[in-house]
Amino acid sequence: MTVRNGESGKPPMLLIHGFTGTPVMWDPILPYLEMHHECVAINLPGHHGGPPFTDPKDHMVDAFVDLVEEQMDALGWKRAHIVGNSLGGWLALLLAERKRALTTVAISPAGGWKLHSAETRRAIRLFKQMHYSATWFEPIALELAKRPRGRKLTMRDAMAFPERLPGPLAQEWINAIVDTPAWRLLLENSPNVNAPSTMEGLEGPVRIAWGTKDRILPFKRYSPGWKAVLPDVDWVTLEGMGHVPMSDDPALIAQTILEVSTAHPSEVVEPE
């Protein structure tokens, strides 16, 4: 659901899902967030239900952020509280550097790797495996997703407690993995994108939260690039949580976000 800021009078919050993801990943925590914010969970470009992404230009992620900024502009939001997970966390941090964020929460952000590193190769290999598995076994995966025990089998890499993810959301997620038009383009260009060397333009309070059970981007391997450029932001450990933790513990993840977004006064940006 797309709601323009100003209709509810609450401060705007932009929610950005991860690679091959879908906005429904945020559904478990929306009831908590919507008590305080006007929330929009966007479809990323090149993803299931999102606008096209066909030109990575000279820097894939910068080109990606340009398109997300266009989505913010279409909402009439000059700035918003921005929350992102994985690829979405990477984009959230870059949007904050472009001064589009009132506050920023990045959950297990991607992008903290060096060019052509072992971490990059591992992530690409893992996401290719996930895409091929979901594509080849889609009917079986959709059937398994109906039951908690089946979700523990099919979604175990992405979250610590897959059985807590509602079946319809799991099925939508599988559909999104299969139907990500730009997945190959994004993975082919990922090795050419380095971790930022500086984030000097970053504005507003920033929190980076990482689950201790993250199997996709384990903290020890994928946080150093961000720690090098953002040593002084608020780093939070999500004990026992996975890579996409919104359904692992909705109350905890919502609290992790709201502690940042509601602790600092912010203007409500009216649409132009």
# chains A, B, ... in the order shown; residues from 1 in each chain; ligands from 1
>>> residues_around(residues="stretch 151-156 of chain A", least_positions_apart="3", cutoff="12 Å", atoms="only C-alpha atoms", output="ChimeraX atom specification")
/A:130,133-134,137-138,140-148,159-171,173-174,177,213-216,241-245,247-248
>>> write_last_selection(atoms="N, CA and C atoms", output="compact mmCIF listing (two decimals), in the first residue's frame")
# COMPACT_ATOMS: atom_id res chain seq x y z
N MET A 130 20.24 -20.06 -4.26
CA MET A 130 18.88 -19.81 -3.77
C MET A 130 17.92 -19.60 -4.93
N SER A 133 17.47 -22.97 -6.90
CA SER A 133 16.70 -23.93 -6.11
C SER A 133 15.22 -23.56 -6.10
N ALA A 134 14.94 -22.26 -5.89
CA ALA A 134 13.55 -21.82 -5.87
C ALA A 134 12.89 -22.00 -7.23
N PHE A 137 12.51 -25.96 -8.02
CA PHE A 137 11.62 -26.68 -7.11
C PHE A 137 10.46 -25.81 -6.62
N GLU A 138 10.07 -24.84 -7.43
CA GLU A 138 9.04 -23.89 -7.01
C GLU A 138 7.76 -24.58 -6.53
N ILE A 140 7.22 -27.53 -5.29
CA ILE A 140 7.47 -28.23 -4.03
C ILE A 140 7.68 -27.22 -2.91
N ALA A 141 8.47 -26.18 -3.18
CA ALA A 141 8.75 -25.17 -2.17
C ALA A 141 7.48 -24.46 -1.72
N LEU A 142 6.60 -24.14 -2.68
CA LEU A 142 5.34 -23.48 -2.34
C LEU A 142 4.46 -24.38 -1.47
N GLU A 143 4.49 -25.67 -1.75
CA GLU A 143 3.70 -26.60 -0.94
C GLU A 143 4.29 -26.73 0.46
N LEU A 144 5.62 -26.84 0.55
CA LEU A 144 6.27 -26.96 1.85
C LEU A 144 6.04 -25.70 2.70
N ALA A 145 5.97 -24.55 2.03
CA ALA A 145 5.82 -23.29 2.75
C ALA A 145 4.49 -23.17 3.48
N LYS A 146 3.55 -24.04 3.17
CA LYS A 146 2.25 -23.99 3.84
C LYS A 146 2.32 -24.46 5.28
N ARG A 147 3.38 -25.25 5.60
CA ARG A 147 3.46 -25.86 6.93
C ARG A 147 4.71 -25.39 7.66
N PRO A 148 4.62 -25.19 8.98
CA PRO A 148 5.78 -24.72 9.75
C PRO A 148 7.01 -25.60 9.56
N MET A 159 16.34 -17.04 7.96
CA MET A 159 15.87 -16.62 9.27
C MET A 159 16.17 -17.68 10.31
N ALA A 160 16.16 -17.28 11.55
CA ALA A 160 16.48 -18.22 12.62
C ALA A 160 15.29 -19.10 12.97
N PHE A 161 14.06 -18.57 12.80
CA PHE A 161 12.85 -19.31 13.15
C PHE A 161 11.87 -19.27 11.97
N PRO A 162 12.15 -20.02 10.92
CA PRO A 162 11.29 -19.98 9.73
C PRO A 162 9.85 -20.36 10.00
N GLU A 163 9.65 -21.21 11.01
CA GLU A 163 8.30 -21.64 11.32
C GLU A 163 7.41 -20.50 11.80
N ARG A 164 8.01 -19.39 12.23
CA ARG A 164 7.23 -18.24 12.70
C ARG A 164 6.74 -17.35 11.55
N LEU A 165 7.29 -17.55 10.38
CA LEU A 165 6.86 -16.78 9.21
C LEU A 165 5.52 -17.34 8.72
N PRO A 166 4.46 -16.53 8.63
CA PRO A 166 3.19 -17.04 8.14
C PRO A 166 3.32 -17.66 6.75
N GLY A 167 2.60 -18.75 6.52
CA GLY A 167 2.71 -19.47 5.26
C GLY A 167 2.49 -18.62 4.02
N PRO A 168 1.43 -17.77 3.98
CA PRO A 168 1.23 -16.95 2.78
C PRO A 168 2.38 -16.00 2.49
N LEU A 169 3.03 -15.47 3.54
CA LEU A 169 4.18 -14.60 3.33
C LEU A 169 5.35 -15.40 2.78
N ALA A 170 5.55 -16.61 3.28
CA ALA A 170 6.62 -17.47 2.78
C ALA A 170 6.41 -17.78 1.30
N GLN A 171 5.17 -18.04 0.92
CA GLN A 171 4.88 -18.33 -0.49
C GLN A 171 5.13 -17.12 -1.37
N TRP A 173 7.26 -14.80 -0.76
CA TRP A 173 8.71 -14.65 -0.82
C TRP A 173 9.31 -15.57 -1.87
N ILE A 174 8.85 -16.81 -1.91
CA ILE A 174 9.33 -17.76 -2.92
C ILE A 174 9.01 -17.25 -4.32
N ILE A 177 11.52 -14.56 -5.19
CA ILE A 177 12.84 -15.07 -5.55
C ILE A 177 12.87 -15.53 -7.00
N LYS A 213 22.63 -15.15 14.34
CA LYS A 213 22.39 -16.38 13.59
C LYS A 213 22.24 -16.10 12.09
N ASP A 214 22.84 -15.00 11.64
CA ASP A 214 22.79 -14.64 10.21
C ASP A 214 23.66 -15.61 9.42
N ARG A 215 23.04 -16.46 8.62
CA ARG A 215 23.77 -17.44 7.82
C ARG A 215 24.10 -16.93 6.43
N ILE A 216 23.41 -15.90 5.98
CA ILE A 216 23.63 -15.40 4.62
C ILE A 216 24.79 -14.40 4.61
N MET A 241 18.98 -13.93 16.25
CA MET A 241 18.18 -13.58 15.08
C MET A 241 18.92 -13.91 13.78
N GLY A 242 18.15 -14.12 12.71
CA GLY A 242 18.71 -14.47 11.42
C GLY A 242 18.92 -13.27 10.52
N HIS A 243 19.14 -13.56 9.22
CA HIS A 243 19.44 -12.50 8.26
C HIS A 243 18.24 -11.61 7.98
N VAL A 244 17.07 -12.21 7.89
CA VAL A 244 15.83 -11.46 7.68
C VAL A 244 14.98 -11.68 8.94
N PRO A 245 15.19 -10.87 9.97
CA PRO A 245 14.69 -11.22 11.30
C PRO A 245 13.30 -10.69 11.64
N SER A 247 10.32 -11.62 11.12
CA SER A 247 9.36 -12.59 11.67
C SER A 247 9.98 -13.43 12.78
N ASP A 248 11.31 -13.38 12.94
CA ASP A 248 11.94 -14.11 14.04
C ASP A 248 11.43 -13.61 15.39
>>> closest_atom_pairs(of="stretch 129-228 of chain A", to="stretch 45-59 of chain A", cutoff="10 Å", atoms="only C-alpha atoms", output="CSV")
residue,atom,partner,partner_atom,distance
A:Glu172,CA,A:His48,CA,9.7
A:Trp173,CA,A:His48,CA,9.4
A:Asn175,CA,A:His48,CA,7.9
A:Ala176,CA,A:His48,CA,5.1
A:Ile177,CA,A:His48,CA,7.8
A:Val178,CA,A:His48,CA,8.5
A:Asp179,CA,A:His48,CA,5.4
A:Thr180,CA,A:His47,CA,4.4
A:Pro181,CA,A:Gly46,CA,5.5
A:Ala182,CA,A:Gly46,CA,4.7
A:Trp183,CA,A:Gly46,CA,7.4
A:Leu185,CA,A:Thr54,CA,7.7
A:Leu186,CA,A:Pro56,CA,7.9
A:Asn189,CA,A:Pro56,CA,7.6
A:Ser190,CA,A:His59,CA,9.4
A:Asn192,CA,A:His59,CA,7.9
A:Val193,CA,A:His59,CA,6.7
A:Asn194,CA,A:His59,CA,9.5
>>> write_last_selection(atoms="C-alpha atoms", output="PDB file, in the first residue's frame")
ATOM      1  CA  GLU A 172       5.012 -14.718  -1.640  1.00  0.00           C
ATOM      2  CA  TRP A 173       8.711 -14.652  -0.816  1.00  0.00           C
ATOM      3  CA  ASN A 175       7.429 -16.146  -5.797  1.00  0.00           C
ATOM      4  CA  ALA A 176       9.614 -13.052  -5.441  1.00  0.00           C
ATOM      5  CA  ILE A 177      12.844 -15.067  -5.550  1.00  0.00           C
ATOM      6  CA  VAL A 178      11.738 -16.777  -8.765  1.00  0.00           C
ATOM      7  CA  ASP A 179      10.463 -13.543 -10.320  1.00  0.00           C
ATOM      8  CA  THR A 180      13.353 -11.112  -9.866  1.00  0.00           C
ATOM      9  CA  PRO A 181      13.921  -9.863 -13.438  1.00  0.00           C
ATOM     10  CA  ALA A 182      17.265  -8.177 -12.714  1.00  0.00           C
ATOM     11  CA  TRP A 183      18.793 -10.872 -10.483  1.00  0.00           C
ATOM     12  CA  LEU A 185      22.313  -8.324 -13.939  1.00  0.00           C
ATOM     13  CA  LEU A 186      22.716  -7.405 -10.275  1.00  0.00           C
ATOM     14  CA  ASN A 189      27.810  -6.358 -11.527  1.00  0.00           C
ATOM     15  CA  SER A 190      28.216  -6.941  -7.793  1.00  0.00           C
ATOM     16  CA  ASN A 192      32.667  -4.471  -9.463  1.00  0.00           C
ATOM     17  CA  VAL A 193      31.240  -2.581  -6.471  1.00  0.00           C
ATOM     18  CA  ASN A 194      33.589  -1.875  -3.579  1.00  0.00           C
TER      19      ASN A 194
END
>>> atom_distance(atom1="atom CA of A:Pro231", atom2="atom CA of A:Arg125")
28.8 Å
>>> atom_distance(atom1="atom CA of A:Val236", atom2="atom CA of A:Gln129")
29.4 Å
>>> closest_residue(among="A:Glu200, A:Asp249, A:Glu69, A:Asp157", to="A:Pro28", atoms="only C-alpha atoms")
A:Asp249
>>> select_by_dssp(residues="stretch 65-157 of chain A", states="helix (DSSP H, G or I)", output="PyMOL selection string")
chain A and resi 65-75+87-97+118-136+138-144+148-154
>>> closest_residue(among="A:Pro224, A:Gly150, A:Pro12, A:Pro139", to="A:Met72", atoms="only C-alpha atoms")
A:Pro12
>>> atom_distance(atom1="atom CA of A:Leu202", atom2="atom CA of A:Trp226")
12.8 Å
>>> residues_around(residues="stretch 118-123 of chain A", least_positions_apart="5", cutoff="8 Å", atoms="only C-alpha atoms", output="list in words")
Trp113, Ser190, Pro191, Ile216, Leu217, Arg221 and Tyr222 of chain A
>>> write_last_selection(atoms="C-alpha atoms", output="PDB file, in the first residue's frame")
ATOM      1  CA  TRP A 113      33.076  -6.091   0.987  1.00  0.00           C
ATOM      2  CA  SER A 190      28.216  -6.941  -7.793  1.00  0.00           C
ATOM      3  CA  PRO A 191      31.931  -7.887  -7.943  1.00  0.00           C
ATOM      4  CA  ILE A 216      23.633 -15.396   4.624  1.00  0.00           C
ATOM      5  CA  LEU A 217      25.876 -12.478   5.637  1.00  0.00           C
ATOM      6  CA  ARG A 221      32.777 -11.752   7.543  1.00  0.00           C
ATOM      7  CA  TYR A 222      30.519  -8.987   6.270  1.00  0.00           C
TER       8      TYR A 222
END
>>> closest_residue(among="A:Leu30, A:Leu75, A:Ala106, A:Leu15", to="A:Leu93", atoms="only C-alpha atoms")
A:Ala106
>>> select_by_dssp(residues="stretch 35-166 of chain A", states="strand (DSSP E or B)", output="ChimeraX atom specification")
/A:38-42,80-85,101-107
>>> residues_around(residues="A:Ala228", least_positions_apart="4", cutoff="12 Å", atoms="only C-alpha atoms", output="list in words")
Gly112, Trp113, Lys114, Ala195, Pro196, Ser197, Thr198, Met199, Tyr222, Ser223, Pro224, Asp232 and Val233 of chain A
>>> residues_around(residues="A:Ile208", least_positions_apart="5", cutoff="6 Å", atoms="only C-alpha atoms", output="list in words")
Val105, Ala106, Ile107 and Trp235 of chain A
>>> write_last_selection(atoms="C-alpha atoms", output="PDB file, in the first residue's frame")
ATOM      1  CA  VAL A 105      18.419   1.609  10.587  1.00  0.00           C
ATOM      2  CA  ALA A 106      20.337  -0.924   8.491  1.00  0.00           C
ATOM      3  CA  ILE A 107      19.730  -4.579   9.347  1.00  0.00           C
ATOM      4  CA  TRP A 235      26.011  -1.021  16.444  1.00  0.00           C
TER       5      TRP A 235
END
